[in-house]
Amino acid sequence: MRPANSYDYIIAGAGAAGLSLLWHILEHEELKEKNILLTDRSFQWEREKTWCFWNKTLIPEKKWIQKSWQSIEVRDGTQAFVNNEDHHYHCISSRSFRKNILERAHKAETVTILKTDIEGFEDLGNKAKILTDKGDYTASHIFQSIHVKPVSSHNDSQVLQHFRGFFIESRKTVFNPEMITLMDFDADSGTGLCTAFFYVLPYSKNRALCEYTLFSDELLLAETYDGALHRYLNSRYGLSEKDYKVDEIEQGVIPMDDTPLVGKLNNRTLNIGAVGGATKPTTGYTFTRIQQHSRHIVQAMAENRLPEPFPRSKYRFRLYDHLLIQILKNDPLAGPGIFKQLFKKNKIKDVLLFLDEESSMADEAKIFASLPWSPFLKALGKSGFGWRVP
């Protein structure tokens with residue numbers, strides 16, 4: 001009989017990482033009978049999110065996909081670079097994702113859901129303990145996504161990717177529901193101080209998510225983002241503010257930071273999700289990397305092995321990330337030219353393989369040959385020709 005306050009697994013944090021791992025455990029034939037404690041301060045999110053990705057093979061439930069697009073474009077005002085290859089772009093709504101998994105958790109007899117403040121973690125040798133304001137609980141494995149612990153705080157290579165977007169319903173049919181605008185460096189997007197662009201996900205001919213995204217150290221006032229969005233919708237689509245209604249607002253901040261993160265708090269407490277290093281520093285994309293890590297975790301536990309932290313990228317990819325972050329931070333006006341050349345002179349499949357860190361060195365040499373060299377040489381010098389890469 002299981003002792004009181006003792007579980008096989010504890011998942012601390014009910015965000016994308018915690019809920020994904022829970023789903024993978026419940027789906028695994030050898031683990032689905034394990035007793036699980038899912039705990040967090042709240043199971044309601046202050047703001048819902050849209051998670052996007054291009055590799056749907058890592059998504060365990062295809063029904064989670066809310067919308068897919070056949071084509072991707074990158075724009076420079078009126079000029080567009082369009083890729084119509086067999087690489088679709090997909091998105092998942094955090095609202096439906098969270099609702100689906102929490103409903104399953106409530107129905108599962110093996111899952112206990114506890115709303116509580118989490119105060120800390122302790123190492124008990126072959127077990128770990130979580131301390132909460134509603135008592136202490138032990139498990140053979142704890143997976144946590146709430147406590148961030150960097151290896152070092154001396155890395156100055158960080159810039160914020162911040163955005164605010166409108167889900168709009170338009171009276172006019174102005175959107176192409178088969179194509180997303182990944183980046184539009186419209187004349188109104190730049191502030192003169194940082195790299196900025198617009199991002200458009202059309203769900204139908206008259207409904208879309210339009211976001212204003214910037215790479216900088218300072219956030220803007222809400223009315224500054226909103227003003228830029230209204231002007232963009234007018235200049236590109238001919239929509240005045242009377243032509244559409246804003247149903248919902250999406251806003252977020254993603255630190256573009258290549259500071260290494262600690263993979264474990266102790267031998268039995270593994271860090272997952274963004275706090276475990278799953279976020280790609282230069283893109284902010286995390287969702288598919290979470291699914292990949294969840295698969296590795298459940299496979300390890302099914303084989304009675306200790307699950308490993310999210311693997312560090314190879315050195316060359318860490319160098320690439322470091323250089324781009326340095327450019328966006330210290331030479332921000334070079335950013336648009338780099339992104340435009342990246343998509344103009346390379347096939348989308350090559351770019352996506354590169355962003356997924358699955359490209360070969362020959363592929364990467366070809367990509368870098370298509371980009372302006374000067375910003376990278378400056379960043380390379382500032383990085384001590386690579387030796388300062390975390």
# chains A, B, ... in the order shown; residues from 1 in each chain; ligands from 1

$ residues_around --residues "Ala208 in chain A" --least-positions-apart "4" --cutoff "10 Å" --atoms "only C-alpha atoms" --output "ChimeraX atom specification"
/A:165-170,174-177,180,200-204,246

$ residues_around --residues "Ile10 in chain A" --least-positions-apart "5" --cutoff "10 Å" --atoms "only C-alpha atoms" --output "list in words"
Gly18, Leu22, Asn35, Ile36, Leu37, Leu38, Thr39, Val111, Thr112, Ala128, Lys129, Ile130, Tyr137, Thr138, Ala139, Ser140, His141, Ile142, Phe143, Gln144 and Thr269 of chain A

$ write_last_selection --atoms "all heavy atoms" --output "short mmCIF file (atom, residue, chain, number, x, y, z; two decimals), in the first residue's frame"
data_model
loop_
_atom_site.label_atom_id
_atom_site.label_comp_id
_atom_site.auth_asym_id
_atom_site.auth_seq_id
_atom_site.Cartn_x
_atom_site.Cartn_y
_atom_site.Cartn_z
N GLY A 18 4.77 20.74 -17.81
CA GLY A 18 4.19 19.82 -16.84
C GLY A 18 3.01 19.04 -17.41
O GLY A 18 2.90 17.83 -17.21
N LEU A 22 2.71 14.99 -18.18
CA LEU A 22 1.60 14.22 -17.61
C LEU A 22 0.92 13.42 -18.71
O LEU A 22 0.63 12.23 -18.54
CB LEU A 22 0.61 15.16 -16.93
CG LEU A 22 -0.68 14.51 -16.41
CD1 LEU A 22 -0.37 13.49 -15.32
CD2 LEU A 22 -1.64 15.57 -15.89
N ASN A 35 1.20 6.41 -9.75
CA ASN A 35 0.50 7.46 -9.01
C ASN A 35 1.24 8.79 -9.19
O ASN A 35 2.45 8.88 -8.95
CB ASN A 35 0.42 7.10 -7.53
CG ASN A 35 -0.51 5.92 -7.29
OD1 ASN A 35 -1.72 6.04 -7.48
ND2 ASN A 35 0.05 4.79 -6.89
N ILE A 36 0.48 9.81 -9.57
CA ILE A 36 1.07 11.10 -9.93
C ILE A 36 0.40 12.21 -9.13
O ILE A 36 -0.83 12.26 -9.02
CB ILE A 36 0.89 11.38 -11.43
CG1 ILE A 36 1.46 10.23 -12.28
CG2 ILE A 36 1.54 12.71 -11.82
CD1 ILE A 36 0.99 10.25 -13.71
N LEU A 37 1.22 13.11 -8.60
CA LEU A 37 0.72 14.34 -7.99
C LEU A 37 1.04 15.49 -8.93
O LEU A 37 2.20 15.73 -9.26
CB LEU A 37 1.39 14.57 -6.63
CG LEU A 37 1.05 15.91 -5.95
CD1 LEU A 37 -0.43 15.98 -5.57
CD2 LEU A 37 1.93 16.12 -4.72
N LEU A 38 0.01 16.20 -9.37
CA LEU A 38 0.17 17.40 -10.20
C LEU A 38 -0.15 18.60 -9.32
O LEU A 38 -1.26 18.71 -8.79
CB LEU A 38 -0.78 17.35 -11.39
CG LEU A 38 -0.80 18.61 -12.28
CD1 LEU A 38 0.53 18.80 -12.99
CD2 LEU A 38 -1.94 18.53 -13.29
N THR A 39 0.82 19.49 -9.15
CA THR A 39 0.62 20.60 -8.22
C THR A 39 1.09 21.92 -8.82
O THR A 39 2.06 21.96 -9.58
CB THR A 39 1.34 20.32 -6.89
OG1 THR A 39 1.16 21.42 -6.01
CG2 THR A 39 2.83 20.12 -7.10
N VAL A 111 -4.20 10.10 -10.74
CA VAL A 111 -3.70 11.47 -10.68
C VAL A 111 -4.38 12.24 -9.55
O VAL A 111 -5.61 12.24 -9.44
CB VAL A 111 -3.94 12.21 -12.02
CG1 VAL A 111 -3.45 13.67 -11.92
CG2 VAL A 111 -3.22 11.49 -13.16
N THR A 112 -3.58 12.87 -8.71
CA THR A 112 -4.06 13.77 -7.67
C THR A 112 -3.68 15.19 -8.05
O THR A 112 -2.53 15.45 -8.39
CB THR A 112 -3.45 13.43 -6.30
OG1 THR A 112 -3.80 12.08 -5.96
CG2 THR A 112 -3.95 14.39 -5.23
N ALA A 128 12.82 12.09 -3.65
CA ALA A 128 12.90 13.54 -3.48
C ALA A 128 11.63 14.01 -2.79
O ALA A 128 10.59 13.34 -2.82
CB ALA A 128 13.07 14.24 -4.82
N LYS A 129 11.72 15.18 -2.15
CA LYS A 129 10.59 15.74 -1.41
C LYS A 129 10.26 17.13 -1.95
O LYS A 129 11.16 17.91 -2.27
CB LYS A 129 10.92 15.83 0.08
CG LYS A 129 9.78 16.40 0.94
CD LYS A 129 10.25 16.70 2.36
CE LYS A 129 10.51 15.42 3.13
NZ LYS A 129 10.82 15.72 4.57
N ILE A 130 8.97 17.41 -2.04
CA ILE A 130 8.51 18.75 -2.37
C ILE A 130 7.85 19.35 -1.14
O ILE A 130 7.08 18.66 -0.44
CB ILE A 130 7.54 18.74 -3.59
CG1 ILE A 130 7.15 20.15 -3.98
CG2 ILE A 130 6.31 17.88 -3.32
CD1 ILE A 130 6.36 20.23 -5.28
N TYR A 137 5.50 16.25 0.34
CA TYR A 137 5.16 15.05 -0.42
C TYR A 137 6.44 14.49 -1.02
O TYR A 137 7.35 15.24 -1.41
CB TYR A 137 4.16 15.38 -1.53
CG TYR A 137 2.89 16.01 -1.02
CD1 TYR A 137 2.80 17.39 -0.81
CD2 TYR A 137 1.78 15.22 -0.70
CE1 TYR A 137 1.65 17.97 -0.32
CE2 TYR A 137 0.62 15.80 -0.21
CZ TYR A 137 0.56 17.17 -0.01
OH TYR A 137 -0.59 17.74 0.49
N THR A 138 6.52 13.17 -1.11
CA THR A 138 7.71 12.51 -1.64
C THR A 138 7.36 11.72 -2.90
O THR A 138 6.21 11.33 -3.11
CB THR A 138 8.35 11.56 -0.61
OG1 THR A 138 7.41 10.53 -0.28
CG2 THR A 138 8.76 12.32 0.64
N ALA A 139 8.39 11.47 -3.71
CA ALA A 139 8.22 10.68 -4.93
C ALA A 139 9.56 10.15 -5.36
O ALA A 139 10.61 10.68 -4.98
CB ALA A 139 7.59 11.53 -6.03
N SER A 140 9.53 9.12 -6.20
CA SER A 140 10.79 8.61 -6.73
C SER A 140 11.38 9.59 -7.74
O SER A 140 12.60 9.66 -7.91
CB SER A 140 10.57 7.24 -7.39
OG SER A 140 9.64 7.35 -8.45
N HIS A 141 10.51 10.38 -8.39
CA HIS A 141 10.97 11.40 -9.33
C HIS A 141 10.07 12.63 -9.21
O HIS A 141 8.85 12.50 -9.13
CB HIS A 141 10.91 10.91 -10.78
CG HIS A 141 11.81 9.76 -11.07
ND1 HIS A 141 13.17 9.90 -11.27
CD2 HIS A 141 11.54 8.44 -11.21
CE1 HIS A 141 13.69 8.71 -11.52
NE2 HIS A 141 12.73 7.81 -11.49
N ILE A 142 10.69 13.80 -9.19
CA ILE A 142 9.95 15.06 -9.24
C ILE A 142 10.39 15.80 -10.50
O ILE A 142 11.58 15.87 -10.82
CB ILE A 142 10.20 15.94 -8.00
CG1 ILE A 142 9.67 15.25 -6.74
CG2 ILE A 142 9.54 17.31 -8.16
CD1 ILE A 142 9.93 16.03 -5.46
N PHE A 143 9.41 16.36 -11.21
CA PHE A 143 9.68 17.15 -12.42
C PHE A 143 9.12 18.54 -12.19
O PHE A 143 7.92 18.69 -11.95
CB PHE A 143 9.03 16.48 -13.63
CG PHE A 143 9.45 15.05 -13.80
CD1 PHE A 143 8.68 14.02 -13.28
CD2 PHE A 143 10.64 14.74 -14.44
CE1 PHE A 143 9.08 12.70 -13.41
CE2 PHE A 143 11.05 13.41 -14.58
CZ PHE A 143 10.27 12.38 -14.06
N GLN A 144 9.98 19.54 -12.24
CA GLN A 144 9.53 20.87 -11.88
C GLN A 144 9.83 21.88 -12.98
O GLN A 144 10.85 21.82 -13.65
CB GLN A 144 10.15 21.30 -10.54
CG GLN A 144 11.60 21.71 -10.58
CD GLN A 144 11.78 23.19 -10.85
OE1 GLN A 144 10.87 24.00 -10.61
NE2 GLN A 144 12.95 23.56 -11.36
N THR A 269 15.17 15.36 -8.77
CA THR A 269 14.31 16.48 -9.16
C THR A 269 14.84 17.08 -10.45
O THR A 269 15.86 17.76 -10.47
CB THR A 269 14.24 17.56 -8.06
OG1 THR A 269 13.80 16.95 -6.84
CG2 THR A 269 13.28 18.67 -8.45
#

$ select_by_dssp --residues "range 253-358 of chain A" --states "strand (DSSP E)" --output "ChimeraX atom specification"
/A:253-257,264-266,269-271

$ write_last_selection --atoms "C-alpha atoms" --output "tab-separated table (two decimals), in the first residue's frame"
chain	number	residue	atom	x	y	z
A	253	VAL	CA	8.03	38.35	-23.13
A	254	ILE	CA	10.63	35.71	-24.01
A	255	PRO	CA	14.18	36.25	-22.72
A	256	MET	CA	16.59	35.48	-25.56
A	257	ASP	CA	19.35	34.31	-23.28
A	264	LYS	CA	18.51	19.12	-12.01
A	265	LEU	CA	17.81	20.60	-8.59
A	266	ASN	CA	18.92	17.31	-7.09
A	269	THR	CA	14.31	16.48	-9.16
A	270	LEU	CA	14.57	17.20	-12.87
A	271	ASN	CA	13.97	20.62	-14.40

$ residues_around --residues "Ile325 in chain A" --least-positions-apart "2" --cutoff "8 Å" --atoms "only C-alpha atoms" --output "number ranges by chain"
A: 157-159, 256-257, 282, 321-323, 327-329

$ write_last_selection --atoms "all heavy atoms" --output "mmCIF file, in the first residue's frame"
data_model
loop_
_atom_site.group_PDB
_atom_site.id
_atom_site.type_symbol
_atom_site.label_atom_id
_atom_site.label_comp_id
_atom_site.auth_asym_id
_atom_site.auth_seq_id
_atom_site.Cartn_x
_atom_site.Cartn_y
_atom_site.Cartn_z
ATOM 1 N N SER A 157 24.901 38.273 -22.557
ATOM 2 C CA SER A 157 24.282 38.058 -23.859
ATOM 3 C C SER A 157 22.803 37.760 -23.671
ATOM 4 O O SER A 157 22.392 36.607 -23.588
ATOM 5 C CB SER A 157 24.985 36.900 -24.588
ATOM 6 O OG SER A 157 24.409 36.694 -25.846
ATOM 7 N N GLN A 158 22.009 38.807 -23.578
ATOM 8 C CA GLN A 158 20.569 38.636 -23.411
ATOM 9 C C GLN A 158 19.845 39.819 -24.028
ATOM 10 O O GLN A 158 20.286 40.970 -23.926
ATOM 11 C CB GLN A 158 20.181 38.533 -21.931
ATOM 12 C CG GLN A 158 18.680 38.285 -21.740
ATOM 13 C CD GLN A 158 18.233 38.435 -20.294
ATOM 14 O OE1 GLN A 158 18.197 39.532 -19.774
ATOM 15 N NE2 GLN A 158 17.898 37.338 -19.659
ATOM 16 N N VAL A 159 18.758 39.529 -24.708
ATOM 17 C CA VAL A 159 17.866 40.565 -25.205
ATOM 18 C C VAL A 159 16.453 40.003 -25.085
ATOM 19 O O VAL A 159 16.254 38.785 -25.111
ATOM 20 C CB VAL A 159 18.219 40.936 -26.667
ATOM 21 C CG1 VAL A 159 17.932 39.806 -27.627
ATOM 22 C CG2 VAL A 159 17.501 42.208 -27.096
ATOM 23 N N MET A 256 15.673 36.138 -24.629
ATOM 24 C CA MET A 256 16.587 35.475 -25.555
ATOM 25 C C MET A 256 17.955 35.470 -24.871
ATOM 26 O O MET A 256 18.709 36.440 -24.931
ATOM 27 C CB MET A 256 16.619 36.223 -26.879
ATOM 28 C CG MET A 256 15.260 36.269 -27.559
ATOM 29 S SD MET A 256 15.262 37.216 -29.086
ATOM 30 C CE MET A 256 16.221 36.154 -30.147
ATOM 31 N N ASP A 257 18.220 34.374 -24.203
ATOM 32 C CA ASP A 257 19.348 34.311 -23.282
ATOM 33 C C ASP A 257 19.989 32.943 -23.414
ATOM 34 O O ASP A 257 19.313 31.918 -23.302
ATOM 35 C CB ASP A 257 18.824 34.525 -21.858
ATOM 36 C CG ASP A 257 19.918 34.587 -20.811
ATOM 37 O OD1 ASP A 257 21.092 34.390 -21.174
ATOM 38 O OD2 ASP A 257 19.599 34.819 -19.640
ATOM 39 N N THR A 282 17.425 31.763 -29.661
ATOM 40 C CA THR A 282 17.273 32.784 -30.693
ATOM 41 C C THR A 282 15.893 32.835 -31.328
ATOM 42 O O THR A 282 15.618 33.738 -32.107
ATOM 43 C CB THR A 282 18.315 32.568 -31.806
ATOM 44 O OG1 THR A 282 18.312 31.184 -32.178
ATOM 45 C CG2 THR A 282 19.689 32.975 -31.333
ATOM 46 N N ASP A 321 23.794 30.883 -31.832
ATOM 47 C CA ASP A 321 22.812 31.585 -30.996
ATOM 48 C C ASP A 321 23.452 32.791 -30.314
ATOM 49 O O ASP A 321 22.876 33.883 -30.261
ATOM 50 C CB ASP A 321 22.239 30.635 -29.938
ATOM 51 C CG ASP A 321 21.254 29.637 -30.502
ATOM 52 O OD1 ASP A 321 20.738 29.878 -31.613
ATOM 53 O OD2 ASP A 321 20.979 28.620 -29.835
ATOM 54 N N HIS A 322 24.635 32.585 -29.781
ATOM 55 C CA HIS A 322 25.332 33.649 -29.060
ATOM 56 C C HIS A 322 25.607 34.838 -29.976
ATOM 57 O O HIS A 322 25.393 36.001 -29.594
ATOM 58 C CB HIS A 322 26.640 33.102 -28.490
ATOM 59 C CG HIS A 322 27.373 34.058 -27.594
ATOM 60 N ND1 HIS A 322 26.999 34.278 -26.282
ATOM 61 C CD2 HIS A 322 28.438 34.864 -27.826
ATOM 62 C CE1 HIS A 322 27.814 35.177 -25.751
ATOM 63 N NE2 HIS A 322 28.691 35.545 -26.655
ATOM 64 N N LEU A 323 26.049 34.562 -31.193
ATOM 65 C CA LEU A 323 26.372 35.644 -32.120
ATOM 66 C C LEU A 323 25.125 36.426 -32.514
ATOM 67 O O LEU A 323 25.145 37.668 -32.566
ATOM 68 C CB LEU A 323 27.053 35.076 -33.371
ATOM 69 C CG LEU A 323 28.431 34.433 -33.168
ATOM 70 C CD1 LEU A 323 28.973 33.917 -34.493
ATOM 71 C CD2 LEU A 323 29.415 35.410 -32.519
ATOM 72 N N ILE A 327 24.245 40.377 -31.899
ATOM 73 C CA ILE A 327 23.883 41.307 -32.969
ATOM 74 C C ILE A 327 22.592 42.035 -32.633
ATOM 75 O O ILE A 327 22.490 43.262 -32.763
ATOM 76 C CB ILE A 327 23.750 40.553 -34.309
ATOM 77 C CG1 ILE A 327 25.122 40.063 -34.773
ATOM 78 C CG2 ILE A 327 23.117 41.448 -35.374
ATOM 79 C CD1 ILE A 327 25.060 39.083 -35.932
ATOM 80 N N LEU A 328 21.576 41.306 -32.188
ATOM 81 C CA LEU A 328 20.287 41.920 -31.877
ATOM 82 C C LEU A 328 20.405 42.904 -30.716
ATOM 83 O O LEU A 328 19.662 43.888 -30.639
ATOM 84 C CB LEU A 328 19.252 40.846 -31.554
ATOM 85 C CG LEU A 328 18.863 39.942 -32.733
ATOM 86 C CD1 LEU A 328 17.953 38.820 -32.258
ATOM 87 C CD2 LEU A 328 18.196 40.734 -33.843
ATOM 88 N N LYS A 329 21.371 42.650 -29.833
ATOM 89 C CA LYS A 329 21.547 43.524 -28.673
ATOM 90 C C LYS A 329 22.404 44.745 -29.004
ATOM 91 O O LYS A 329 22.064 45.878 -28.627
ATOM 92 C CB LYS A 329 22.196 42.736 -27.533
ATOM 93 C CG LYS A 329 22.368 43.532 -26.236
ATOM 94 C CD LYS A 329 22.995 42.660 -25.164
ATOM 95 C CE LYS A 329 23.141 43.415 -23.847
ATOM 96 N NZ LYS A 329 21.842 43.698 -23.217
#

$ residues_around --residues "Ile249 in chain A" --least-positions-apart "3" --cutoff "12 Å" --atoms "only C-alpha atoms" --output "list of chain:residue names"
A:Glu46, A:Arg47, A:Glu48, A:Lys49, A:Thr50, A:Phe163, A:Arg164, A:Gly165, A:Phe166, A:Phe167, A:Ile168, A:Ala208, A:Leu209, A:Cys210, A:Glu211, A:Tyr212, A:Ala222, A:Tyr225, A:Asp226, A:Leu229, A:Lys245, A:Val246, A:Gly252

$ closest_residue --among "A:Lys205, A:His296, A:Thr173, A:Ser240" --to "Pro309 in chain A" --atoms "only C-alpha atoms"
A:His296

$ residues_around --residues "range 79-93 of chain A" --least-positions-apart "3" --cutoff "6 Å" --atoms "only C-alpha atoms" --output "list in words"
Thr50, Trp51, Cys52, Phe53, Trp54, Ile65, Gln66, Lys67, Ser68, Trp69, Gln70, Ser71, Ile72, Glu73, Val74, Arg75, Asp76, Ser96 and Lys344 of chain A

$ closest_residue --among "A:Asp133, A:Leu380, A:Ile367, A:Ile338" --to "Val351 in chain A" --atoms "only C-alpha atoms"
A:Ile367

$ atom_distance --atom1 "CA of Leu220 in chain A" --atom2 "CA of Thr195 in chain A"
13.7 Å

$ closest_residue --among "A:Met301, A:His293, A:Val148, A:Asp186" --to "Leu261 in chain A" --atoms "only C-alpha atoms"
A:Val148

$ select_by_dssp --residues "range 221-357 of chain A" --states "helix (DSSP H, G or I)" --output "NGL selection string"
:A and (222-237 or 241-243 or 273-276 or 287-302 or 315-330 or 332-344 or 348-355)

$ residues_around --residues "Gln292 in chain A" --least-positions-apart "3" --cutoff "12 Å" --atoms "only C-alpha atoms" --output "list in words"
Ala17, Ser20, Leu21, His24, Asn55, Lys56, Thr57, Leu58, Ile59, Pro60, Ile272, Gly273, Ala278, Thr286, Phe287, Thr288, Arg289, Arg295, His296, Ile297, Val298, Gln299, Pro309, Phe310, Pro311 and Asp356 of chain A

$ atom_distance --atom1 "CA of Arg236 in chain A" --atom2 "CA of Thr213 in chain A"
16.5 Å

$ atom_distance --atom1 "CA of Glu248 in chain A" --atom2 "CA of Asp117 in chain A"
29.2 Å
